[in-house]
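So this one's final17.pdb, PDB, C-alpha atoms, pLDDT in the B column:
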```pdb
ATOM      1  CA  MET A   1      99.188 133.919 108.731  1.00 34.00           C
ATOM      2  CA  ARG A   2      97.151 130.737 108.704  1.00 36.00           C
ATOM      3  CA  SER A   3      95.014 129.715 111.666  1.00 37.00           C
ATOM      4  CA  MET A   4      96.048 126.819 113.886  1.00 39.00           C
ATOM      5  CA  THR A   5      93.918 123.906 115.059  1.00 47.00           C
ATOM      6  CA  LEU A   6      93.859 121.582 118.033  1.00 51.00           C
ATOM      7  CA  PHE A   7      95.185 118.757 115.886  1.00 57.00           C
ATOM      8  CA  ASP A   8      98.475 119.712 114.281  1.00 47.00           C
ATOM      9  CA  VAL A   9     100.654 122.021 112.282  1.00 37.00           C
ATOM     10  CA  SER A  10     101.285 120.434 108.893  1.00 37.00           C
ATOM     11  CA  ASP A  11     104.779 119.848 107.610  1.00 38.00           C
ATOM     12  CA  LEU A  12     104.842 121.403 104.148  1.00 35.00           C
ATOM     13  CA  SER A  13     108.198 119.925 103.171  1.00 36.00           C
ATOM     14  CA  GLY A  14     108.671 119.928  99.411  1.00 38.00           C
ATOM     15  CA  SER A  15     107.370 122.463  96.964  1.00 34.00           C
ATOM     16  CA  GLN A  16     105.585 120.325  94.372  1.00 36.00           C
ATOM     17  CA  PRO A  17     102.186 118.726  95.018  1.00 35.00           C
ATOM     18  CA  ARG A  18     102.069 114.956  95.277  1.00 37.00           C
ATOM     19  CA  PRO A  19      99.676 113.408  92.735  1.00 35.00           C
ATOM     20  CA  LEU A  20      96.598 111.839  94.260  1.00 34.00           C
ATOM     21  CA  ASP A  21      95.689 108.193  93.868  1.00 35.00           C
ATOM     22  CA  PRO A  22      93.580 108.013  90.699  1.00 30.00           C
ATOM     23  CA  GLY A  23      92.134 104.633  91.584  1.00 33.00           C
ATOM     24  CA  ALA A  24      90.099 105.603  94.637  1.00 34.00           C
ATOM     25  CA  GLY A  25      86.389 105.006  94.503  1.00 31.00           C
ATOM     26  CA  ALA A  26      85.591 101.820  92.566  1.00 28.00           C
ATOM     27  CA  MET A  27      84.784  98.535  94.292  1.00 28.00           C
ATOM     28  CA  ALA A  28      85.123  95.006  93.019  1.00 32.00           C
ATOM     29  CA  PRO A  29      81.902  93.104  93.724  1.00 33.00           C
ATOM     30  CA  GLU A  30      83.319  90.051  95.491  1.00 41.00           C
ATOM     31  CA  ARG A  31      86.823  90.973  96.639  1.00 44.00           C
ATOM     32  CA  ALA A  32      87.773  94.273  98.231  1.00 46.00           C
ATOM     33  CA  HIS A  33      89.948  95.904 100.874  1.00 42.00           C
ATOM     34  CA  ALA A  34      88.707  97.415 104.103  1.00 45.00           C
ATOM     35  CA  GLY A  35      86.712 100.523 103.326  1.00 44.00           C
ATOM     36  CA  GLY A  36      85.299  99.196 100.064  1.00 44.00           C
ATOM     37  CA  GLN A  37      88.344  99.454  97.816  1.00 42.00           C
ATOM     38  CA  PRO A  38      89.314  96.933  95.140  1.00 39.00           C
ATOM     39  CA  ALA A  39      92.118  94.455  95.572  1.00 36.00           C
ATOM     40  CA  GLU A  40      94.782  95.744  93.191  1.00 38.00           C
ATOM     41  CA  ALA A  41      98.009  94.180  92.068  1.00 35.00           C
ATOM     42  CA  GLY A  42     100.880  95.358  94.231  1.00 35.00           C
ATOM     43  CA  THR A  43      98.650  96.552  97.108  1.00 33.00           C
ATOM     44  CA  VAL A  44     100.571  97.177 100.318  1.00 34.00           C
ATOM     45  CA  LYS A  45     100.471  94.065 102.475  1.00 37.00           C
ATOM     46  CA  ALA A  46      99.289  96.037 105.533  1.00 46.00           C
ATOM     47  CA  LEU A  47      95.846  96.478 104.015  1.00 52.00           C
ATOM     48  CA  PRO A  48      93.522  93.648 105.024  1.00 67.00           C
ATOM     49  CA  GLU A  49      91.902  91.980 102.034  1.00 79.00           C
ATOM     50  CA  VAL A  50      88.133  91.612 102.334  1.00 86.00           C
ATOM     51  CA  GLU A  51      86.500  88.629 100.643  1.00 88.00           C
ATOM     52  CA  VAL A  52      82.706  88.832 100.362  1.00 90.00           C
ATOM     53  CA  ARG A  53      80.738  85.583 100.244  1.00 89.00           C
ATOM     54  CA  ILE A  54      77.052  85.725  99.295  1.00 88.00           C
ATOM     55  CA  SER A  55      74.982  82.757 100.475  1.00 84.00           C
ATOM     56  CA  ALA A  56      71.416  81.894  99.495  1.00 81.00           C
ATOM     57  CA  ARG A  57      71.279  79.624 102.546  1.00 80.00           C
ATOM     58  CA  ARG A  58      71.733  82.563 104.910  1.00 77.00           C
ATOM     59  CA  LYS A  59      68.418  84.173 105.777  1.00 73.00           C
ATOM     60  CA  LYS A  60      69.211  86.819 108.416  1.00 73.00           C
ATOM     61  CA  THR A  61      72.701  86.668 109.895  1.00 83.00           C
ATOM     62  CA  SER A  62      75.839  88.329 108.541  1.00 86.00           C
ATOM     63  CA  GLU A  63      79.343  87.874 109.907  1.00 87.00           C
ATOM     64  CA  ALA A  64      82.966  88.873 109.395  1.00 85.00           C
ATOM     65  CA  ARG A  65      85.961  86.864 110.568  1.00 82.00           C
ATOM     66  CA  TRP A  66      89.704  86.698 110.082  1.00 73.00           C
ATOM     67  CA  VAL A  67      90.892  83.897 107.797  1.00 71.00           C
ATOM     68  CA  GLY A  68      94.664  83.996 107.625  1.00 53.00           C
ATOM     69  CA  GLY A  69      95.602  87.557 106.752  1.00 58.00           C
ATOM     70  CA  ARG A  70      92.264  88.509 105.190  1.00 71.00           C
ATOM     71  CA  ILE A  71      88.745  89.272 106.392  1.00 83.00           C
ATOM     72  CA  VAL A  72      85.931  87.055 105.102  1.00 86.00           C
ATOM     73  CA  VAL A  73      82.440  88.590 105.173  1.00 89.00           C
ATOM     74  CA  SER A  74      79.431  86.283 104.755  1.00 89.00           C
ATOM     75  CA  LEU A  75      76.108  87.850 103.778  1.00 90.00           C
ATOM     76  CA  PRO A  76      72.589  86.626 102.938  1.00 88.00           C
ATOM     77  CA  ALA A  77      71.714  86.882  99.254  1.00 87.00           C
ATOM     78  CA  HIS A  78      68.537  88.926  99.765  1.00 86.00           C
ATOM     79  CA  LEU A  79      70.362  92.169 100.707  1.00 87.00           C
ATOM     80  CA  ASP A  80      70.237  94.915  98.102  1.00 87.00           C
ATOM     81  CA  VAL A  81      73.449  96.589  96.926  1.00 88.00           C
ATOM     82  CA  GLU A  82      73.233  99.552  99.320  1.00 88.00           C
ATOM     83  CA  SER A  83      72.408  97.420 102.365  1.00 86.00           C
ATOM     84  CA  ARG A  84      75.138  94.964 101.408  1.00 86.00           C
ATOM     85  CA  GLN A  85      77.813  97.678 101.297  1.00 90.00           C
ATOM     86  CA  LYS A  86      76.692  99.247 104.582  1.00 87.00           C
ATOM     87  CA  THR A  87      76.765  95.839 106.253  1.00 88.00           C
ATOM     88  CA  ILE A  88      80.232  95.070 104.881  1.00 88.00           C
ATOM     89  CA  ASP A  89      81.601  98.428 106.098  1.00 87.00           C
ATOM     90  CA  TRP A  90      80.074  98.014 109.558  1.00 86.00           C
ATOM     91  CA  LEU A  91      81.264  94.428 110.036  1.00 86.00           C
ATOM     92  CA  VAL A  92      84.789  95.129 108.798  1.00 84.00           C
ATOM     93  CA  ASN A  93      85.228  98.233 110.939  1.00 82.00           C
ATOM     94  CA  ARG A  94      83.890  96.415 114.005  1.00 79.00           C
ATOM     95  CA  LEU A  95      86.337  93.578 113.411  1.00 77.00           C
ATOM     96  CA  LEU A  96      89.247  95.969 112.968  1.00 74.00           C
ATOM     97  CA  THR A  97      88.279  97.780 116.173  1.00 70.00           C
ATOM     98  CA  ARG A  98      88.122  94.535 118.131  1.00 68.00           C
ATOM     99  CA  HIS A  99      91.492  93.600 116.699  1.00 59.00           C
ATOM    100  CA  ARG A 100      92.933  96.599 118.556  1.00 55.00           C
ATOM    101  CA  LEU A 101      91.672  95.624 122.008  1.00 51.00           C
ATOM    102  CA  ASP A 102      94.888  93.810 122.896  1.00 54.00           C
ATOM    103  CA  GLY A 103      96.761  97.092 122.678  1.00 61.00           C
ATOM    104  CA  PRO A 104      97.368 100.112 120.454  1.00 66.00           C
ATOM    105  CA  PRO A 105      97.738  99.407 116.731  1.00 74.00           C
ATOM    106  CA  GLY A 106     101.150  98.974 115.185  1.00 81.00           C
ATOM    107  CA  ASP A 107     102.329 101.038 112.235  1.00 86.00           C
ATOM    108  CA  ASP A 108     100.874  98.626 109.680  1.00 87.00           C
ATOM    109  CA  GLU A 109      97.439  98.685 111.286  1.00 87.00           C
ATOM    110  CA  LEU A 110      97.601 102.460 111.687  1.00 90.00           C
ATOM    111  CA  PHE A 111      98.321 102.756 107.962  1.00 91.00           C
ATOM    112  CA  ALA A 112      95.460 100.400 107.065  1.00 90.00           C
ATOM    113  CA  ARG A 113      93.137 102.400 109.300  1.00 89.00           C
ATOM    114  CA  ALA A 114      94.019 105.653 107.538  1.00 93.00           C
ATOM    115  CA  ILE A 115      93.381 104.083 104.125  1.00 92.00           C
ATOM    116  CA  ALA A 116      89.990 102.731 105.237  1.00 91.00           C
ATOM    117  CA  LEU A 117      88.968 106.123 106.647  1.00 92.00           C
ATOM    118  CA  SER A 118      90.083 107.947 103.515  1.00 93.00           C
ATOM    119  CA  ASP A 119      87.988 105.618 101.387  1.00 92.00           C
ATOM    120  CA  ARG A 120      84.939 105.777 103.645  1.00 91.00           C
ATOM    121  CA  TYR A 121      84.831 109.579 103.797  1.00 92.00           C
ATOM    122  CA  ARG A 122      85.945 110.086 100.187  1.00 93.00           C
ATOM    123  CA  LEU A 123      88.883 112.312 101.132  1.00 93.00           C
ATOM    124  CA  GLY A 124      90.526 112.034  97.708  1.00 92.00           C
ATOM    125  CA  ALA A 125      94.049 111.105  98.857  1.00 93.00           C
ATOM    126  CA  ARG A 126      95.906 108.156 100.319  1.00 92.00           C
ATOM    127  CA  PRO A 127      98.993 108.360 102.527  1.00 94.00           C
ATOM    128  CA  VAL A 128     102.178 106.573 101.504  1.00 94.00           C
ATOM    129  CA  SER A 129     102.926 105.610 105.109  1.00 94.00           C
ATOM    130  CA  VAL A 130     101.540 106.197 108.606  1.00 94.00           C
ATOM    131  CA  ARG A 131     103.650 105.554 111.686  1.00 93.00           C
ATOM    132  CA  TRP A 132     103.993 106.331 115.366  1.00 93.00           C
ATOM    133  CA  VAL A 133     106.779 108.702 116.415  1.00 92.00           C
ATOM    134  CA  THR A 134     108.077 109.763 119.819  1.00 89.00           C
ATOM    135  CA  ASN A 135     109.564 113.140 118.886  1.00 89.00           C
ATOM    136  CA  GLN A 136     106.314 115.106 118.562  1.00 84.00           C
ATOM    137  CA  THR A 137     105.455 116.807 121.833  1.00 81.00           C
ATOM    138  CA  ALA A 138     103.974 120.050 120.481  1.00 83.00           C
ATOM    139  CA  ARG A 139     101.422 118.473 118.133  1.00 88.00           C
ATOM    140  CA  TRP A 140      99.366 115.336 117.869  1.00 93.00           C
ATOM    141  CA  ALA A 141     100.317 114.443 114.311  1.00 94.00           C
ATOM    142  CA  SER A 142     101.887 115.858 111.173  1.00 93.00           C
ATOM    143  CA  CYS A 143     102.133 115.069 107.500  1.00 92.00           C
ATOM    144  CA  SER A 144     104.319 115.845 104.531  1.00 91.00           C
ATOM    145  CA  TYR A 145     102.205 117.073 101.624  1.00 89.00           C
ATOM    146  CA  TYR A 146     104.921 116.219  99.110  1.00 91.00           C
ATOM    147  CA  SER A 147     105.900 112.719 100.296  1.00 92.00           C
ATOM    148  CA  GLY A 148     102.511 111.631 101.604  1.00 93.00           C
ATOM    149  CA  GLU A 149     103.949 110.485 104.951  1.00 95.00           C
ATOM    150  CA  ILE A 150     101.913 110.853 108.140  1.00 96.00           C
ATOM    151  CA  ARG A 151     103.448 110.754 111.614  1.00 95.00           C
ATOM    152  CA  VAL A 152     101.335 110.294 114.743  1.00 95.00           C
ATOM    153  CA  SER A 153     102.496 111.183 118.243  1.00 92.00           C
ATOM    154  CA  HIS A 154     102.907 108.215 120.588  1.00 89.00           C
ATOM    155  CA  ARG A 155     100.846 110.194 123.123  1.00 88.00           C
ATOM    156  CA  LEU A 156      97.725 109.203 121.163  1.00 90.00           C
ATOM    157  CA  ARG A 157      98.195 105.495 121.831  1.00 85.00           C
ATOM    158  CA  ALA A 158      95.898 105.818 124.851  1.00 81.00           C
ATOM    159  CA  VAL A 159      93.018 107.763 123.267  1.00 85.00           C
ATOM    160  CA  PRO A 160      89.708 106.191 122.158  1.00 84.00           C
ATOM    161  CA  ASP A 161      89.445 104.838 118.624  1.00 86.00           C
ATOM    162  CA  TRP A 162      87.128 107.623 117.443  1.00 89.00           C
ATOM    163  CA  VAL A 163      89.629 110.293 118.524  1.00 91.00           C
ATOM    164  CA  LEU A 164      92.520 108.586 116.746  1.00 93.00           C
ATOM    165  CA  ASP A 165      90.334 108.181 113.660  1.00 93.00           C
ATOM    166  CA  SER A 166      89.558 111.891 113.649  1.00 95.00           C
ATOM    167  CA  VAL A 167      93.269 112.737 113.788  1.00 96.00           C
ATOM    168  CA  LEU A 168      93.955 110.389 110.876  1.00 96.00           C
ATOM    169  CA  VAL A 169      91.151 111.956 108.807  1.00 96.00           C
ATOM    170  CA  HIS A 170      92.571 115.385 109.642  1.00 96.00           C
ATOM    171  CA  GLU A 171      96.030 114.423 108.414  1.00 96.00           C
ATOM    172  CA  VAL A 172      94.813 112.735 105.224  1.00 96.00           C
ATOM    173  CA  ALA A 173      92.802 115.887 104.474  1.00 96.00           C
ATOM    174  CA  HIS A 174      96.096 117.810 104.661  1.00 95.00           C
ATOM    175  CA  LEU A 175      97.372 115.697 101.760  1.00 95.00           C
ATOM    176  CA  VAL A 176      94.691 117.448  99.693  1.00 95.00           C
ATOM    177  CA  TYR A 177      94.838 120.917 101.298  1.00 95.00           C
ATOM    178  CA  PRO A 178      98.187 121.682 103.003  1.00 92.00           C
ATOM    179  CA  ASP A 179      96.681 124.587 104.960  1.00 92.00           C
ATOM    180  CA  HIS A 180      93.776 125.348 107.271  1.00 92.00           C
ATOM    181  CA  SER A 181      91.549 126.923 104.641  1.00 95.00           C
ATOM    182  CA  PRO A 182      87.740 126.655 104.647  1.00 95.00           C
ATOM    183  CA  ALA A 183      88.054 123.922 101.989  1.00 96.00           C
ATOM    184  CA  PHE A 184      90.338 121.938 104.278  1.00 95.00           C
ATOM    185  CA  HIS A 185      87.969 122.275 107.230  1.00 94.00           C
ATOM    186  CA  ARG A 186      85.049 121.115 105.101  1.00 95.00           C
ATOM    187  CA  LEU A 187      86.996 118.018 104.074  1.00 95.00           C
ATOM    188  CA  ALA A 188      88.301 117.197 107.568  1.00 94.00           C
ATOM    189  CA  GLY A 189      84.804 117.831 108.920  1.00 94.00           C
ATOM    190  CA  ALA A 190      83.523 114.886 106.891  1.00 93.00           C
ATOM    191  CA  TYR A 191      84.368 112.833 109.964  1.00 94.00           C
ATOM    192  CA  PRO A 192      81.202 113.114 112.113  1.00 92.00           C
ATOM    193  CA  ARG A 193      82.985 113.545 115.464  1.00 91.00           C
ATOM    194  CA  HIS A 194      85.720 115.892 114.244  1.00 92.00           C
ATOM    195  CA  GLU A 195      84.820 118.825 116.505  1.00 91.00           C
ATOM    196  CA  GLU A 196      84.175 116.544 119.469  1.00 92.00           C
ATOM    197  CA  ALA A 197      87.611 114.983 119.006  1.00 92.00           C
ATOM    198  CA  GLY A 198      89.188 118.450 119.020  1.00 91.00           C
ATOM    199  CA  MET A 199      87.568 119.201 122.375  1.00 92.00           C
ATOM    200  CA  PHE A 200      88.679 115.835 123.731  1.00 91.00           C
ATOM    201  CA  LEU A 201      92.272 116.499 122.683  1.00 90.00           C
ATOM    202  CA  ALA A 202      92.226 119.939 124.289  1.00 89.00           C
ATOM    203  CA  GLY A 203      91.319 118.384 127.636  1.00 88.00           C
ATOM    204  CA  TYR A 204      93.641 115.431 127.120  1.00 85.00           C
ATOM    205  CA  GLY A 205      96.529 117.793 126.406  1.00 84.00           C
ATOM    206  CA  LEU A 206      95.856 119.721 129.615  1.00 81.00           C
ATOM    207  CA  GLY A 207      95.919 116.468 131.533  1.00 75.00           C
ATOM    208  CA  LEU A 208      99.261 115.493 130.032  1.00 70.00           C
ATOM    209  CA  SER A 209     100.683 118.917 130.916  1.00 66.00           C
ATOM    210  CA  ALA A 210      99.520 118.503 134.497  1.00 56.00           C
ATOM    211  CA  ASP A 211     101.215 115.105 134.717  1.00 51.00           C
ATOM    212  CA  VAL A 212     104.501 116.636 133.552  1.00 49.00           C
ATOM    213  CA  ARG A 213     104.359 119.172 136.369  1.00 51.00           C
TER     214      ARG A 213
END
```
Show me, as structure tokens, the structure contained in the file I just sent.
Amino acid sequence: MRSMTLFDVSDLSGSQPRPLDPGAGAMAPERAHAGGQPAEAGTVKALPEVEVRISARRKKTSEARWVGGRIVVSLPAHLDVESRQKTIDWLVNRLLTRHRLDGPPGDDELFARAIALSDRYRLGARPVSVRWVTNQTARWASCSYYSGEIRVSHRLRAVPDWVLDSVLVHEVAHLVYPDHSPAFHRLAGAYPRHEEAGMFLAGYGLGLSADVR
């Protein structure tokens, strides 16, 4: 019998493994998606396109802003490759976080967030869809290993960003390991606040139970 976690019980519907995305990892130098992934033909529209502009006139400041449906990042030319990528990741994630301040993310943004997290922590899989559902009261989220679909309980709409991110990392990790094996825990633990998020959810769940009473 497999051990349970504070996050979910995975839905193992289907008997054949879903092939992983073979294109994860590479980055186009001047045009990418959030999380450092290349802009590919046929990419799902929900993913924000990131255009990187290098300017010799910029000496210190870097910025990211929305232009239409894409994010434009402007950087000074003197940054080395490693510093440039770290700056891009930080600016894009900050912009995406601010974008959520008006309310919880919709399904499209939730999906884009999961893709960005998978790329950042090199999880080795990408979900096919991520959406909120209202019929999960016994678990925070679930996924289908075969179809690649992730479902997130509407009860998480009120949690901090870092907790939601940890749940998304947890579910994407289940697309690689559909169990709670040591290998799965190592992969899910790539998210720095994974254990802290589990403790938060334990307390949050107790609070929700008290409200029901």
Item to complete: Name every residue that the PyMOL selection byres ((chain A and resi 177) around 12) selects in this structure, writing the answer as an MDAnalysis selection string with chains first and numbers rising.
Response: chainID A and resid 10:12 17:18 20 123:125 143:146 170:176 178:188
Write out, as a short mmCIF file (atom, residue, chain, number, x, y, z; two decimals), in the frame of the given file, the residues just selected, with C-alpha atoms.
```cif
data_model
loop_
_atom_site.label_atom_id
_atom_site.label_comp_id
_atom_site.auth_asym_id
_atom_site.auth_seq_id
_atom_site.Cartn_x
_atom_site.Cartn_y
_atom_site.Cartn_z
CA SER A 10 101.28 120.43 108.89
CA ASP A 11 104.78 119.85 107.61
CA LEU A 12 104.84 121.40 104.15
CA PRO A 17 102.19 118.73 95.02
CA ARG A 18 102.07 114.96 95.28
CA LEU A 20 96.60 111.84 94.26
CA LEU A 123 88.88 112.31 101.13
CA GLY A 124 90.53 112.03 97.71
CA ALA A 125 94.05 111.10 98.86
CA CYS A 143 102.13 115.07 107.50
CA SER A 144 104.32 115.84 104.53
CA TYR A 145 102.20 117.07 101.62
CA TYR A 146 104.92 116.22 99.11
CA HIS A 170 92.57 115.38 109.64
CA GLU A 171 96.03 114.42 108.41
CA VAL A 172 94.81 112.74 105.22
CA ALA A 173 92.80 115.89 104.47
CA HIS A 174 96.10 117.81 104.66
CA LEU A 175 97.37 115.70 101.76
CA VAL A 176 94.69 117.45 99.69
CA PRO A 178 98.19 121.68 103.00
CA ASP A 179 96.68 124.59 104.96
CA HIS A 180 93.78 125.35 107.27
CA SER A 181 91.55 126.92 104.64
CA PRO A 182 87.74 126.66 104.65
CA ALA A 183 88.05 123.92 101.99
CA PHE A 184 90.34 121.94 104.28
CA HIS A 185 87.97 122.28 107.23
CA ARG A 186 85.05 121.12 105.10
CA LEU A 187 87.00 118.02 104.07
CA ALA A 188 88.30 117.20 107.57
#
```
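Counting only C-alpha atoms and comparing A:Leu75, A:Leu206, A:Arg131, A:Trp90, the residue that lies closest to Pro105 of chain A is A:Arg131.
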Discussion item. What's the separation between atom CA of Glu63 of chain A and atom CA of Leu79 of chain A, in Å to one decimal place?
Written reply: 13.6 Å
Fill in: For Ala158 of chain A, the nearest of the candidates A:Tyr204, A:Tyr191, A:Ala77, A:Thr97, counting all atoms listed in the file
A:Tyr204
Worksheet item: So, counting all atoms listed in the file, which residue among A:Asn93, A:Ser129, A:Thr137, A:Gln85 is closest to Gly205 of chain A?
Response: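 Between A:Asn93, A:Ser129, A:Thr137, A:Gln85, the residue approaching Gly205 of chain A most closely is A:Thr137.
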Fill in: Explicit residues for the PyMOL selection byres ((chain A and resi 165) around 12) (as a PyMOL selection string)
chain A and resi 7+93+97+105+110-118+120-121+141+152+156-157+159-164+166-172+188+190-194+196-198
Worksheet item: Any idea what the distance is between atom CA of Arg155 of chain A and atom CA of Trp132 of chain A?
Response: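 If I compute the distance from atom CA of Arg155 of chain A to atom CA of Trp132 of chain A, I get 9.2 Å.
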Discussion item. Env of Val72 of chain A: 9 Å cut, atoms = all atoms listed in the file, seq-sep filter 3 positions within chain, self excluded. Answer as a ChimeraX atom specification.
Written reply: /A:49-53,63-67,92
Write the selection just made, keeping C-alpha atoms, as a short mmCIF file (atom, residue, chain, number, x, y, z; two decimals), in the coordinates of the input?
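So part_16.cif came out as:
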```cif
data_model
loop_
_atom_site.label_atom_id
_atom_site.label_comp_id
_atom_site.auth_asym_id
_atom_site.auth_seq_id
_atom_site.Cartn_x
_atom_site.Cartn_y
_atom_site.Cartn_z
CA GLU A 49 91.90 91.98 102.03
CA VAL A 50 88.13 91.61 102.33
CA GLU A 51 86.50 88.63 100.64
CA VAL A 52 82.71 88.83 100.36
CA ARG A 53 80.74 85.58 100.24
CA GLU A 63 79.34 87.87 109.91
CA ALA A 64 82.97 88.87 109.40
CA ARG A 65 85.96 86.86 110.57
CA TRP A 66 89.70 86.70 110.08
CA VAL A 67 90.89 83.90 107.80
CA VAL A 92 84.79 95.13 108.80
#
```
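One finds atom CA of His154 of chain A at 18.5 Å from atom CA of Pro127 of chain A.
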Item to complete: Tell me which residues the PyMOL selection byres ((chain A and resi 58) around 10) grabs here, as JSON, numbers by chain.
Response: {"A": [54, 55, 56, 57, 59, 60, 61, 62, 74, 75, 76, 77, 78]}
